[in-house]
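So this block is structure_5.pdb, PDB, C-alpha atoms:
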MODEL        1
ATOM      1  CA  MET A   8     142.396  74.753-212.074
ATOM      2  CA  SER A   9     145.086  73.672-214.519
ATOM      3  CA  LEU A  10     147.358  70.802-213.523
ATOM      4  CA  PRO A  11     151.120  70.749-213.963
ATOM      5  CA  GLY A  12     151.941  69.278-217.344
ATOM      6  CA  THR A  13     153.780  66.262-215.950
ATOM      7  CA  LEU A  14     150.897  65.406-213.620
ATOM      8  CA  SER A  15     148.360  65.735-216.412
ATOM      9  CA  SER A  16     150.514  63.484-218.633
ATOM     10  CA  LEU A  17     150.790  60.884-215.855
ATOM     11  CA  ILE A  18     147.011  60.800-215.416
ATOM     12  CA  ASP A  19     146.513  60.440-219.163
ATOM     13  CA  ALA A  20     149.082  57.630-219.255
ATOM     14  CA  LEU A  21     147.309  55.708-216.477
ATOM     15  CA  ARG A  22     144.076  55.845-218.458
ATOM     16  CA  VAL A  23     145.483  53.352-220.978
ATOM     17  CA  LEU A  24     144.798  50.620-218.400
ATOM     18  CA  PRO A  25     141.508  48.755-218.993
ATOM     19  CA  GLY A  26     138.611  49.991-216.900
ATOM     20  CA  VAL A  27     140.466  53.090-215.679
ATOM     21  CA  GLY A  28     138.652  56.350-216.257
ATOM     22  CA  PRO A  29     139.831  59.903-215.544
ATOM     23  CA  LYS A  30     138.845  59.883-211.854
ATOM     24  CA  SER A  31     140.474  56.519-211.139
ATOM     25  CA  ALA A  32     143.594  57.565-213.021
ATOM     26  CA  ALA A  33     143.808  60.772-211.002
ATOM     27  CA  ARG A  34     143.425  58.852-207.714
ATOM     28  CA  MET A  35     146.210  56.465-208.737
ATOM     29  CA  ALA A  36     148.502  59.312-209.729
ATOM     30  CA  TYR A  37     147.969  61.218-206.478
ATOM     31  CA  HIS A  38     148.434  58.040-204.420
ATOM     32  CA  LEU A  39     151.714  57.174-206.113
ATOM     33  CA  LEU A  40     153.071  60.698-205.842
ATOM     34  CA  GLN A  41     151.906  61.486-202.313
ATOM     35  CA  ARG A  42     151.819  58.191-200.422
ATOM     36  CA  ASP A  43     154.003  55.673-202.244
ATOM     37  CA  ARG A  44     156.827  57.277-204.171
ATOM     38  CA  LYS A  45     158.982  54.170-203.659
ATOM     39  CA  GLY A  46     156.218  52.056-205.132
ATOM     40  CA  ALA A  47     155.960  54.478-208.050
ATOM     41  CA  ALA A  48     159.698  54.200-208.682
ATOM     42  CA  ARG A  49     159.504  50.395-208.506
ATOM     43  CA  LEU A  50     156.549  50.384-210.911
ATOM     44  CA  SER A  51     158.426  52.642-213.319
ATOM     45  CA  ALA A  52     161.600  50.536-213.191
ATOM     46  CA  ASN A  53     159.755  47.246-213.694
ATOM     47  CA  LEU A  54     157.637  48.592-216.523
ATOM     48  CA  THR A  55     160.750  49.907-218.271
ATOM     49  CA  ALA A  56     162.512  46.566-217.803
ATOM     50  CA  ALA A  57     159.506  44.644-219.119
ATOM     51  CA  LEU A  58     159.299  46.826-222.211
ATOM     52  CA  GLU A  59     163.006  46.337-222.873
ATOM     53  CA  LYS A  60     163.309  42.603-222.156
ATOM     54  CA  LEU A  61     159.969  40.997-223.017
ATOM     55  CA  HIS A  62     159.216  40.001-226.596
ATOM     56  CA  HIS A  63     156.943  37.465-228.267
ATOM     57  CA  CYS A  64     158.096  33.845-228.350
ATOM     58  CA  GLN A  65     158.845  32.851-231.927
ATOM     59  CA  ARG A  66     156.772  29.689-231.595
ATOM     60  CA  CYS A  67     153.811  30.351-229.292
ATOM     61  CA  ASN A  68     153.599  34.165-229.406
ATOM     62  CA  ASN A  69     153.491  34.410-225.589
ATOM     63  CA  PHE A  70     155.710  36.902-223.780
ATOM     64  CA  SER A  71     159.272  35.708-223.237
ATOM     65  CA  GLU A  72     162.718  37.066-222.459
ATOM     66  CA  GLU A  73     164.226  34.500-224.836
ATOM     67  CA  PRO A  74     163.523  33.969-228.568
ATOM     68  CA  VAL A  75     161.789  30.680-227.650
ATOM     69  CA  CYS A  76     160.017  30.494-224.279
ATOM     70  CA  GLU A  77     160.632  27.863-221.608
ATOM     71  CA  THR A  78     157.394  26.003-222.365
ATOM     72  CA  CYS A  79     158.089  25.679-226.089
ATOM     73  CA  ALA A  80     161.685  24.622-225.427
ATOM     74  CA  SER A  81     160.742  21.927-222.906
ATOM     75  CA  PRO A  82     161.274  18.338-224.134
ATOM     76  CA  ARG A  83     158.611  17.194-221.630
ATOM     77  CA  ARG A  84     155.769  18.850-223.535
ATOM     78  CA  ASP A  85     153.716  16.885-226.083
ATOM     79  CA  ALA A  86     154.517  18.632-229.371
ATOM     80  CA  ARG A  87     151.665  16.799-231.124
ATOM     81  CA  GLN A  88     149.065  18.986-229.386
ATOM     82  CA  LEU A  89     148.706  22.738-229.802
ATOM     83  CA  CYS A  90     146.240  24.645-227.626
ATOM     84  CA  VAL A  91     145.092  28.034-228.921
ATOM     85  CA  VAL A  92     144.138  30.684-226.343
ATOM     86  CA  GLU A  93     143.268  34.346-226.544
ATOM     87  CA  MET A  94     145.588  35.841-223.930
ATOM     88  CA  PRO A  95     148.560  34.903-221.703
ATOM     89  CA  ALA A  96     146.241  34.921-218.662
ATOM     90  CA  ASP A  97     144.238  32.108-220.302
ATOM     91  CA  LEU A  98     147.408  30.081-220.841
ATOM     92  CA  ASN A  99     148.322  30.537-217.187
ATOM     93  CA  ARG A 100     144.911  29.284-216.057
ATOM     94  CA  LEU A 101     145.207  26.172-218.219
ATOM     95  CA  GLU A 102     148.667  25.470-216.825
ATOM     96  CA  GLU A 103     147.344  25.733-213.276
ATOM     97  CA  THR A 104     144.962  22.825-213.931
ATOM     98  CA  LEU A 105     147.882  20.434-214.659
ATOM     99  CA  ALA A 106     145.493  18.769-217.149
ATOM    100  CA  TYR A 107     147.314  19.701-220.341
ATOM    101  CA  LYS A 108     150.850  18.729-221.363
ATOM    102  CA  GLY A 109     150.975  19.995-224.936
ATOM    103  CA  LEU A 110     152.145  23.283-226.428
ATOM    104  CA  TYR A 111     150.340  26.596-226.920
ATOM    105  CA  PHE A 112     149.695  29.420-229.324
ATOM    106  CA  VAL A 113     148.556  32.772-227.899
ATOM    107  CA  LEU A 114     146.506  34.932-230.253
ATOM    108  CA  MET A 115     146.877  38.066-228.099
ATOM    109  CA  GLY A 116     143.262  38.923-228.820
ATOM    110  CA  ARG A 117     140.113  37.752-230.573
ATOM    111  CA  LEU A 118     138.212  38.699-233.693
ATOM    112  CA  SER A 119     136.160  41.839-233.186
ATOM    113  CA  PRO A 120     135.333  43.565-236.502
ATOM    114  CA  LEU A 121     133.525  46.440-234.775
ATOM    115  CA  ASP A 122     136.798  47.275-233.005
ATOM    116  CA  GLY A 123     138.858  46.854-236.159
ATOM    117  CA  ILE A 124     140.411  43.563-234.984
ATOM    118  CA  GLY A 125     140.593  41.098-237.854
ATOM    119  CA  PRO A 126     142.590  37.937-238.640
ATOM    120  CA  LYS A 127     145.823  39.865-239.222
ATOM    121  CA  GLU A 128     145.636  41.646-235.871
ATOM    122  CA  ILE A 129     145.456  38.380-233.906
ATOM    123  CA  GLY A 130     148.084  36.536-235.930
ATOM    124  CA  LEU A 131     145.969  33.808-237.514
ATOM    125  CA  GLU A 132     148.493  33.456-240.350
ATOM    126  CA  ARG A 133     151.180  32.716-237.770
ATOM    127  CA  LEU A 134     148.896  30.122-236.212
ATOM    128  CA  ILE A 135     148.407  28.373-239.578
ATOM    129  CA  GLU A 136     152.166  28.330-240.102
ATOM    130  CA  ARG A 137     152.801  27.055-236.572
ATOM    131  CA  ALA A 138     150.169  24.315-236.819
ATOM    132  CA  GLY A 139     151.546  23.178-240.166
ATOM    133  CA  ASP A 140     154.973  22.284-238.782
ATOM    134  CA  GLY A 141     154.525  18.613-239.602
ATOM    135  CA  VAL A 142     154.626  17.627-235.914
ATOM    136  CA  THR A 143     151.304  19.005-234.688
ATOM    137  CA  GLU A 144     148.488  16.461-234.948
ATOM    138  CA  GLU A 145     145.730  18.249-233.026
ATOM    139  CA  VAL A 146     144.859  21.881-232.473
ATOM    140  CA  ILE A 147     142.639  22.536-229.450
ATOM    141  CA  LEU A 148     140.716  25.797-229.725
ATOM    142  CA  ALA A 149     140.387  27.181-226.194
ATOM    143  CA  THR A 150     139.111  30.668-226.924
ATOM    144  CA  ASN A 151     136.516  32.061-224.534
ATOM    145  CA  PHE A 152     132.798  31.304-224.866
ATOM    146  CA  THR A 153     131.915  34.886-225.696
ATOM    147  CA  ALA A 154     130.476  35.922-229.064
ATOM    148  CA  GLU A 155     133.915  37.092-230.183
ATOM    149  CA  GLY A 156     135.636  33.993-228.829
ATOM    150  CA  GLU A 157     133.197  31.688-230.609
ATOM    151  CA  ALA A 158     133.634  33.596-233.878
ATOM    152  CA  THR A 159     137.408  33.365-233.499
ATOM    153  CA  ALA A 160     137.255  29.604-232.881
ATOM    154  CA  HIS A 161     134.997  29.053-235.902
ATOM    155  CA  TYR A 162     137.133  31.155-238.235
ATOM    156  CA  ALA A 163     140.364  29.554-237.017
ATOM    157  CA  SER A 164     138.935  26.033-237.365
ATOM    158  CA  GLU A 165     137.949  26.640-240.970
ATOM    159  CA  LEU A 166     141.408  27.979-241.802
ATOM    160  CA  LEU A 167     143.188  25.149-240.004
ATOM    161  CA  LYS A 168     141.119  22.396-241.609
ATOM    162  CA  SER A 169     141.604  23.791-245.110
ATOM    163  CA  ARG A 170     145.214  24.964-244.999
ATOM    164  CA  ALA A 171     147.272  23.250-242.273
ATOM    165  CA  ASN A 172     148.938  19.859-242.862
ATOM    166  CA  GLY A 173     147.049  19.339-246.097
ATOM    167  CA  GLY A 174     143.712  19.307-244.292
ATOM    168  CA  LYS A 175     144.710  16.275-242.202
ATOM    169  CA  LEU A 176     144.939  18.187-238.930
ATOM    170  CA  LYS A 177     142.525  17.285-236.131
ATOM    171  CA  VAL A 178     140.835  20.443-234.842
ATOM    172  CA  SER A 179     138.889  20.325-231.565
ATOM    173  CA  ARG A 180     137.106  22.813-229.340
ATOM    174  CA  ILE A 181     137.111  22.716-225.552
ATOM    175  CA  ALA A 182     133.738  21.564-224.228
ATOM    176  CA  ARG A 183     131.168  23.844-222.662
ATOM    177  CA  GLY A 184     132.140  22.971-219.151
ATOM    178  CA  LEU A 185     132.756  26.695-219.081
ATOM    179  CA  PRO A 186     129.755  28.989-218.591
ATOM    180  CA  ALA A 187     128.469  30.838-221.649
ATOM    181  CA  GLY A 188     129.960  34.299-221.654
ATOM    182  CA  GLY A 189     132.666  33.146-219.230
ATOM    183  CA  GLU A 190     136.375  33.820-219.558
ATOM    184  CA  LEU A 191     139.113  31.333-218.645
ATOM    185  CA  GLU A 192     140.886  33.791-216.370
ATOM    186  CA  HIS A 193     137.912  33.780-213.965
ATOM    187  CA  VAL A 194     136.963  30.080-214.037
ATOM    188  CA  ASP A 195     137.987  27.508-211.441
ATOM    189  CA  GLY A 196     140.622  24.922-212.331
ATOM    190  CA  MET A 197     138.378  21.838-212.114
ATOM    191  CA  THR A 198     135.940  23.315-214.633
ATOM    192  CA  ILE A 199     138.755  24.129-217.059
ATOM    193  CA  ALA A 200     140.260  20.663-216.653
ATOM    194  CA  GLN A 201     136.877  19.039-217.415
ATOM    195  CA  ALA A 202     136.385  21.270-220.443
ATOM    196  CA  LEU A 203     139.747  20.136-221.791
ATOM    197  CA  LEU A 204     138.940  16.462-221.225
ATOM    198  CA  ASP A 205     135.509  16.817-222.902
ATOM    199  CA  ARG A 206     136.737  18.741-225.944
ATOM    200  CA  ARG A 207     135.064  17.899-229.245
ATOM    201  CA  VAL A 208     136.087  17.789-232.880
ATOM    202  CA  VAL A 209     134.908  20.803-234.915
TER     203      VAL A 209
ENDMDL
END
Representation of the structure as structure tokens:
Amino acid sequence: MSLPGTLSSLIDALRVLPGVGPKSAARMAYHLLQRDRKGAARLSANLTAALEKLHHCQRCNNFSEEPVCETCASPRRDARQLCVVEMPADLNRLEETLAYKGLYFVLMGRLSPLDGIGPKEIGLERLIERAGDGVTEEVILATNFTAEGEATAHYASELLKSRANGGKLKVSRIARGLPAGGELEHVDGMTIAQALLDRRVV
């Protein structure tokens, strides 16, 4: 049985979400259309608004409605420290620990050559420029302890030590208080806080 074109397009659109296959996408589409049309309208309106209003912060690369986000603009943050994370969700988890008062840089990904994701795709050049602002004294690499996260941390550390602030920049890595293969988004706050405190120079 052929589906109406708009329904088929909706199902295909829902499949862009991570972990959503054709059956899950179809269930979501039918639920929104049959049981929660108000929710569907709200989802559509908020997604449209987010696409129109959210951009990348000029300093940390996180999502922001302003050219410079609230965190980067805050005079209460320690501008001498710059913590590098893979995704906004990782930044949020670090903030929840209340253990870190510095600034951030969000890569929006991690090195994964098999998927065609190299240094350019995750903005490592922007990181080098940001870390070389003359104010930053330490860069804390807080990428995940996955194979890709470790490779990203190693590659970034080599670039930072050779090119930022004339090689005088302190580069550290959060300690392995986090489980191997673990991701910040799913780790409890105390573990993240301890990993930050036990970070090491790389």
Extending 6 Å beyond the listed atoms of segment 35-45 of chain A on each side, what axis-aligned box results? I want centre and edge lengths in Å to one decimal, as lines of an AutoDock Vina configuration file.
center_x = 152.6
center_y = 57.8
center_z = -205.1
size_x = 24.8
size_y = 19.3
size_z = 21.3
Target residues per the PyMOL selection byres ((chain A and resi 65-75) around 6), formatted as number ranges by chain: A: 60-64, 76, 111-113
Nearby residues (all atoms listed in the file) at most 7 Å from Leu118 of chain A, same-chain spacing under 3 positions excluded, as a PyMOL selection string: chain A and resi 124-126+155+158-159
Nearest residue to Val208 of chain A from the set A:Glu145, A:Glu77, A:Asp85, A:Asp122 (distances using all atoms listed in the file):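 Residue with the minimum atom-to-atom distance to Val208 of chain A: A:Glu145.
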Point-to-point distance in Å for atom CA of Ala163 of chain A and atom CA of Arg87 of chain A: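 Spanning atom CA of Arg87 of chain A to atom CA of Ala163 of chain A is a straight-line distance of 18.0 Å.
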Interatomic distance, atom CA of Phe152 of chain A to atom CA of Glu190 of chain A (Å, one decimal):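 So the two atoms, atom CA of Phe152 of chain A and atom CA of Glu190 of chain A, lie 6.9 Å apart.
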Computed interatomic separation between atom CA of Pro11 of chain A and atom CA of Val27 of chain A (Å):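 Interatomic distance here is 20.7 Å.
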Contacts of Glu93 of chain A within 6 Å, all atoms listed in the file, excl. fewer than 2 positions in-chain, as a PyMOL selection string: chain A and resi 113-116+150
Would you mind listing what lies within 9 Å of segment 198-206 of chain A as a compact mmCIF listing (two decimals) with C-alpha atoms, keeping the file's coordinate frame, with all atoms listed in the file counted and same-chain residues fewer than 4 positions away left out?
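Result saved to result38.txt:
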# COMPACT_ATOMS: atom_id res chain seq x y z
CA ARG A 100 144.91 29.28 -216.06
CA LEU A 101 145.21 26.17 -218.22
CA THR A 104 144.96 22.82 -213.93
CA LEU A 105 147.88 20.43 -214.66
CA ALA A 106 145.49 18.77 -217.15
CA TYR A 107 147.31 19.70 -220.34
CA ILE A 147 142.64 22.54 -229.45
CA LEU A 148 140.72 25.80 -229.72
CA ALA A 149 140.39 27.18 -226.19
CA SER A 179 138.89 20.32 -231.56
CA ARG A 180 137.11 22.81 -229.34
CA ILE A 181 137.11 22.72 -225.55
CA ALA A 182 133.74 21.56 -224.23
CA ARG A 183 131.17 23.84 -222.66
CA GLY A 184 132.14 22.97 -219.15
CA LEU A 185 132.76 26.70 -219.08
CA LEU A 191 139.11 31.33 -218.64
CA VAL A 194 136.96 30.08 -214.04
Residue neighbourhood segment 39-51 of chain A, 12 Å, only C-alpha atoms, exclusion window fewer than 5 positions, as a list in words: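 Here the qualifying residues turn out to be Thr13, Leu14, Leu17, Ile18, Leu21, Ala32, Ala33, Arg34, Ala56, Ala57 and Leu58 of chain A.
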Using all atoms listed in the file: which of A:Ser119, A:Asn53, A:Thr78, A:Thr143 has the shortest distance to Gly156 of chain A: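 Ranking A:Ser119, A:Asn53, A:Thr78, A:Thr143 by distance to Gly156 of chain A, first place goes to A:Ser119.
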Distance query Leu110 of chain A at most 7 Å, all atoms listed in the file, self and fewer than 5 positions along chain excluded, as number ranges by chain: A: 79, 84-86, 88-90
Using only C-alpha atoms: which of A:Ala187, A:Leu166, A:Val178, A:Ala36 has the shortest distance to Ala20 of chain A: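 Comparing A:Ala187, A:Leu166, A:Val178, A:Ala36 against Ala20 of chain A, the winner is A:Ala36.
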Is there a way to complete segment 101-112 of chain A with all heavy atoms and then write that out as a PDB file, keeping the file's coordinate frame?
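For reference, rebuild36.pdb as written:
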ATOM      1  N   LEU A 101     145.141  27.551-217.746  1.00  0.00           N
ATOM      2  CA  LEU A 101     145.207  26.172-218.219  1.00  0.00           C
ATOM      3  C   LEU A 101     146.371  25.434-217.579  1.00  0.00           C
ATOM      4  O   LEU A 101     146.249  24.278-217.188  1.00  0.00           O
ATOM      5  CB  LEU A 101     145.334  26.142-219.742  1.00  0.00           C
ATOM      6  CG  LEU A 101     144.054  26.468-220.516  1.00  0.00           C
ATOM      7  CD1 LEU A 101     144.358  26.682-221.994  1.00  0.00           C
ATOM      8  CD2 LEU A 101     143.025  25.372-220.354  1.00  0.00           C
ATOM      9  N   GLU A 102     147.501  26.096-217.444  1.00  0.00           N
ATOM     10  CA  GLU A 102     148.667  25.470-216.825  1.00  0.00           C
ATOM     11  C   GLU A 102     148.407  25.131-215.365  1.00  0.00           C
ATOM     12  O   GLU A 102     148.878  24.112-214.868  1.00  0.00           O
ATOM     13  CB  GLU A 102     149.880  26.396-216.940  1.00  0.00           C
ATOM     14  CG  GLU A 102     150.535  26.385-218.304  1.00  0.00           C
ATOM     15  CD  GLU A 102     151.167  25.049-218.631  1.00  0.00           C
ATOM     16  OE1 GLU A 102     152.278  24.774-218.168  1.00  0.00           O
ATOM     17  OE2 GLU A 102     150.513  24.255-219.358  1.00  0.00           O
ATOM     18  N   GLU A 103     147.643  25.973-214.690  1.00  0.00           N
ATOM     19  CA  GLU A 103     147.344  25.733-213.276  1.00  0.00           C
ATOM     20  C   GLU A 103     146.523  24.472-213.060  1.00  0.00           C
ATOM     21  O   GLU A 103     146.556  23.883-211.981  1.00  0.00           O
ATOM     22  CB  GLU A 103     146.598  26.943-212.699  1.00  0.00           C
ATOM     23  CG  GLU A 103     147.472  28.177-212.509  1.00  0.00           C
ATOM     24  CD  GLU A 103     146.668  29.405-212.143  1.00  0.00           C
ATOM     25  OE1 GLU A 103     145.439  29.272-211.908  1.00  0.00           O
ATOM     26  OE2 GLU A 103     147.248  30.509-212.105  1.00  0.00           O
ATOM     27  N   THR A 104     145.785  24.024-214.080  1.00  0.00           N
ATOM     28  CA  THR A 104     144.962  22.825-213.931  1.00  0.00           C
ATOM     29  C   THR A 104     145.800  21.549-213.952  1.00  0.00           C
ATOM     30  O   THR A 104     145.323  20.496-213.514  1.00  0.00           O
ATOM     31  CB  THR A 104     143.920  22.712-215.060  1.00  0.00           C
ATOM     32  OG1 THR A 104     144.576  22.417-216.305  1.00  0.00           O
ATOM     33  CG2 THR A 104     143.122  24.005-215.195  1.00  0.00           C
ATOM     34  N   LEU A 105     147.000  21.600-214.500  1.00  0.00           N
ATOM     35  CA  LEU A 105     147.882  20.434-214.659  1.00  0.00           C
ATOM     36  C   LEU A 105     147.232  19.353-215.532  1.00  0.00           C
ATOM     37  O   LEU A 105     147.624  18.193-215.490  1.00  0.00           O
ATOM     38  CB  LEU A 105     148.251  19.837-213.291  1.00  0.00           C
ATOM     39  CG  LEU A 105     148.929  20.793-212.295  1.00  0.00           C
ATOM     40  CD1 LEU A 105     149.179  20.071-210.975  1.00  0.00           C
ATOM     41  CD2 LEU A 105     150.223  21.354-212.865  1.00  0.00           C
ATOM     42  N   ALA A 106     146.227  19.736-216.332  1.00  0.00           N
ATOM     43  CA  ALA A 106     145.493  18.769-217.149  1.00  0.00           C
ATOM     44  C   ALA A 106     145.985  18.716-218.584  1.00  0.00           C
ATOM     45  O   ALA A 106     145.574  17.844-219.342  1.00  0.00           O
ATOM     46  CB  ALA A 106     144.005  19.118-217.140  1.00  0.00           C
ATOM     47  N   TYR A 107     146.880  19.616-218.946  1.00  0.00           N
ATOM     48  CA  TYR A 107     147.314  19.701-220.341  1.00  0.00           C
ATOM     49  C   TYR A 107     148.833  19.708-220.405  1.00  0.00           C
ATOM     50  O   TYR A 107     149.497  20.472-219.696  1.00  0.00           O
ATOM     51  CB  TYR A 107     146.749  20.973-220.989  1.00  0.00           C
ATOM     52  CG  TYR A 107     147.191  21.188-222.415  1.00  0.00           C
ATOM     53  CD1 TYR A 107     146.733  20.353-223.431  1.00  0.00           C
ATOM     54  CD2 TYR A 107     148.055  22.225-222.745  1.00  0.00           C
ATOM     55  CE1 TYR A 107     147.134  20.548-224.741  1.00  0.00           C
ATOM     56  CE2 TYR A 107     148.461  22.422-224.054  1.00  0.00           C
ATOM     57  CZ  TYR A 107     147.998  21.577-225.048  1.00  0.00           C
ATOM     58  OH  TYR A 107     148.407  21.777-226.341  1.00  0.00           O
ATOM     59  N   LYS A 108     149.394  18.867-221.269  1.00  0.00           N
ATOM     60  CA  LYS A 108     150.850  18.729-221.363  1.00  0.00           C
ATOM     61  C   LYS A 108     151.392  19.084-222.742  1.00  0.00           C
ATOM     62  O   LYS A 108     152.556  18.825-223.043  1.00  0.00           O
ATOM     63  CB  LYS A 108     151.266  17.286-221.024  1.00  0.00           C
ATOM     64  CG  LYS A 108     150.848  16.836-219.620  1.00  0.00           C
ATOM     65  CD  LYS A 108     151.453  17.714-218.550  1.00  0.00           C
ATOM     66  CE  LYS A 108     151.046  17.233-217.153  1.00  0.00           C
ATOM     67  NZ  LYS A 108     151.550  18.133-216.087  1.00  0.00           N
ATOM     68  N   GLY A 109     150.538  19.634-223.593  1.00  0.00           N
ATOM     69  CA  GLY A 109     150.975  19.995-224.936  1.00  0.00           C
ATOM     70  C   GLY A 109     151.571  21.395-224.995  1.00  0.00           C
ATOM     71  O   GLY A 109     151.980  21.959-223.983  1.00  0.00           O
ATOM     72  N   LEU A 110     151.610  21.947-226.196  1.00  0.00           N
ATOM     73  CA  LEU A 110     152.145  23.283-226.428  1.00  0.00           C
ATOM     74  C   LEU A 110     151.002  24.265-226.677  1.00  0.00           C
ATOM     75  O   LEU A 110     149.838  23.875-226.736  1.00  0.00           O
ATOM     76  CB  LEU A 110     153.111  23.258-227.614  1.00  0.00           C
ATOM     77  CG  LEU A 110     154.362  22.391-227.407  1.00  0.00           C
ATOM     78  CD1 LEU A 110     155.180  22.315-228.686  1.00  0.00           C
ATOM     79  CD2 LEU A 110     155.218  22.916-226.255  1.00  0.00           C
ATOM     80  N   TYR A 111     151.342  25.539-226.813  1.00  0.00           N
ATOM     81  CA  TYR A 111     150.340  26.596-226.920  1.00  0.00           C
ATOM     82  C   TYR A 111     150.614  27.513-228.105  1.00  0.00           C
ATOM     83  O   TYR A 111     151.732  27.591-228.613  1.00  0.00           O
ATOM     84  CB  TYR A 111     150.344  27.467-225.655  1.00  0.00           C
ATOM     85  CG  TYR A 111     149.894  26.776-224.400  1.00  0.00           C
ATOM     86  CD1 TYR A 111     150.816  26.194-223.538  1.00  0.00           C
ATOM     87  CD2 TYR A 111     148.542  26.714-224.071  1.00  0.00           C
ATOM     88  CE1 TYR A 111     150.409  25.569-222.371  1.00  0.00           C
ATOM     89  CE2 TYR A 111     148.126  26.089-222.896  1.00  0.00           C
ATOM     90  CZ  TYR A 111     149.063  25.524-222.053  1.00  0.00           C
ATOM     91  OH  TYR A 111     148.657  24.897-220.900  1.00  0.00           O
ATOM     92  N   PHE A 112     149.551  28.239-228.474  1.00  0.00           N
ATOM     93  CA  PHE A 112     149.695  29.420-229.324  1.00  0.00           C
ATOM     94  C   PHE A 112     148.765  30.489-228.760  1.00  0.00           C
ATOM     95  O   PHE A 112     147.574  30.232-228.539  1.00  0.00           O
ATOM     96  CB  PHE A 112     149.333  29.132-230.782  1.00  0.00           C
ATOM     97  CG  PHE A 112     149.657  30.291-231.694  1.00  0.00           C
ATOM     98  CD1 PHE A 112     150.921  30.413-232.245  1.00  0.00           C
ATOM     99  CD2 PHE A 112     148.719  31.276-231.959  1.00  0.00           C
ATOM    100  CE1 PHE A 112     151.235  31.485-233.061  1.00  0.00           C
ATOM    101  CE2 PHE A 112     149.024  32.361-232.762  1.00  0.00           C
ATOM    102  CZ  PHE A 112     150.286  32.461-233.322  1.00  0.00           C
TER     103      PHE A 112
END
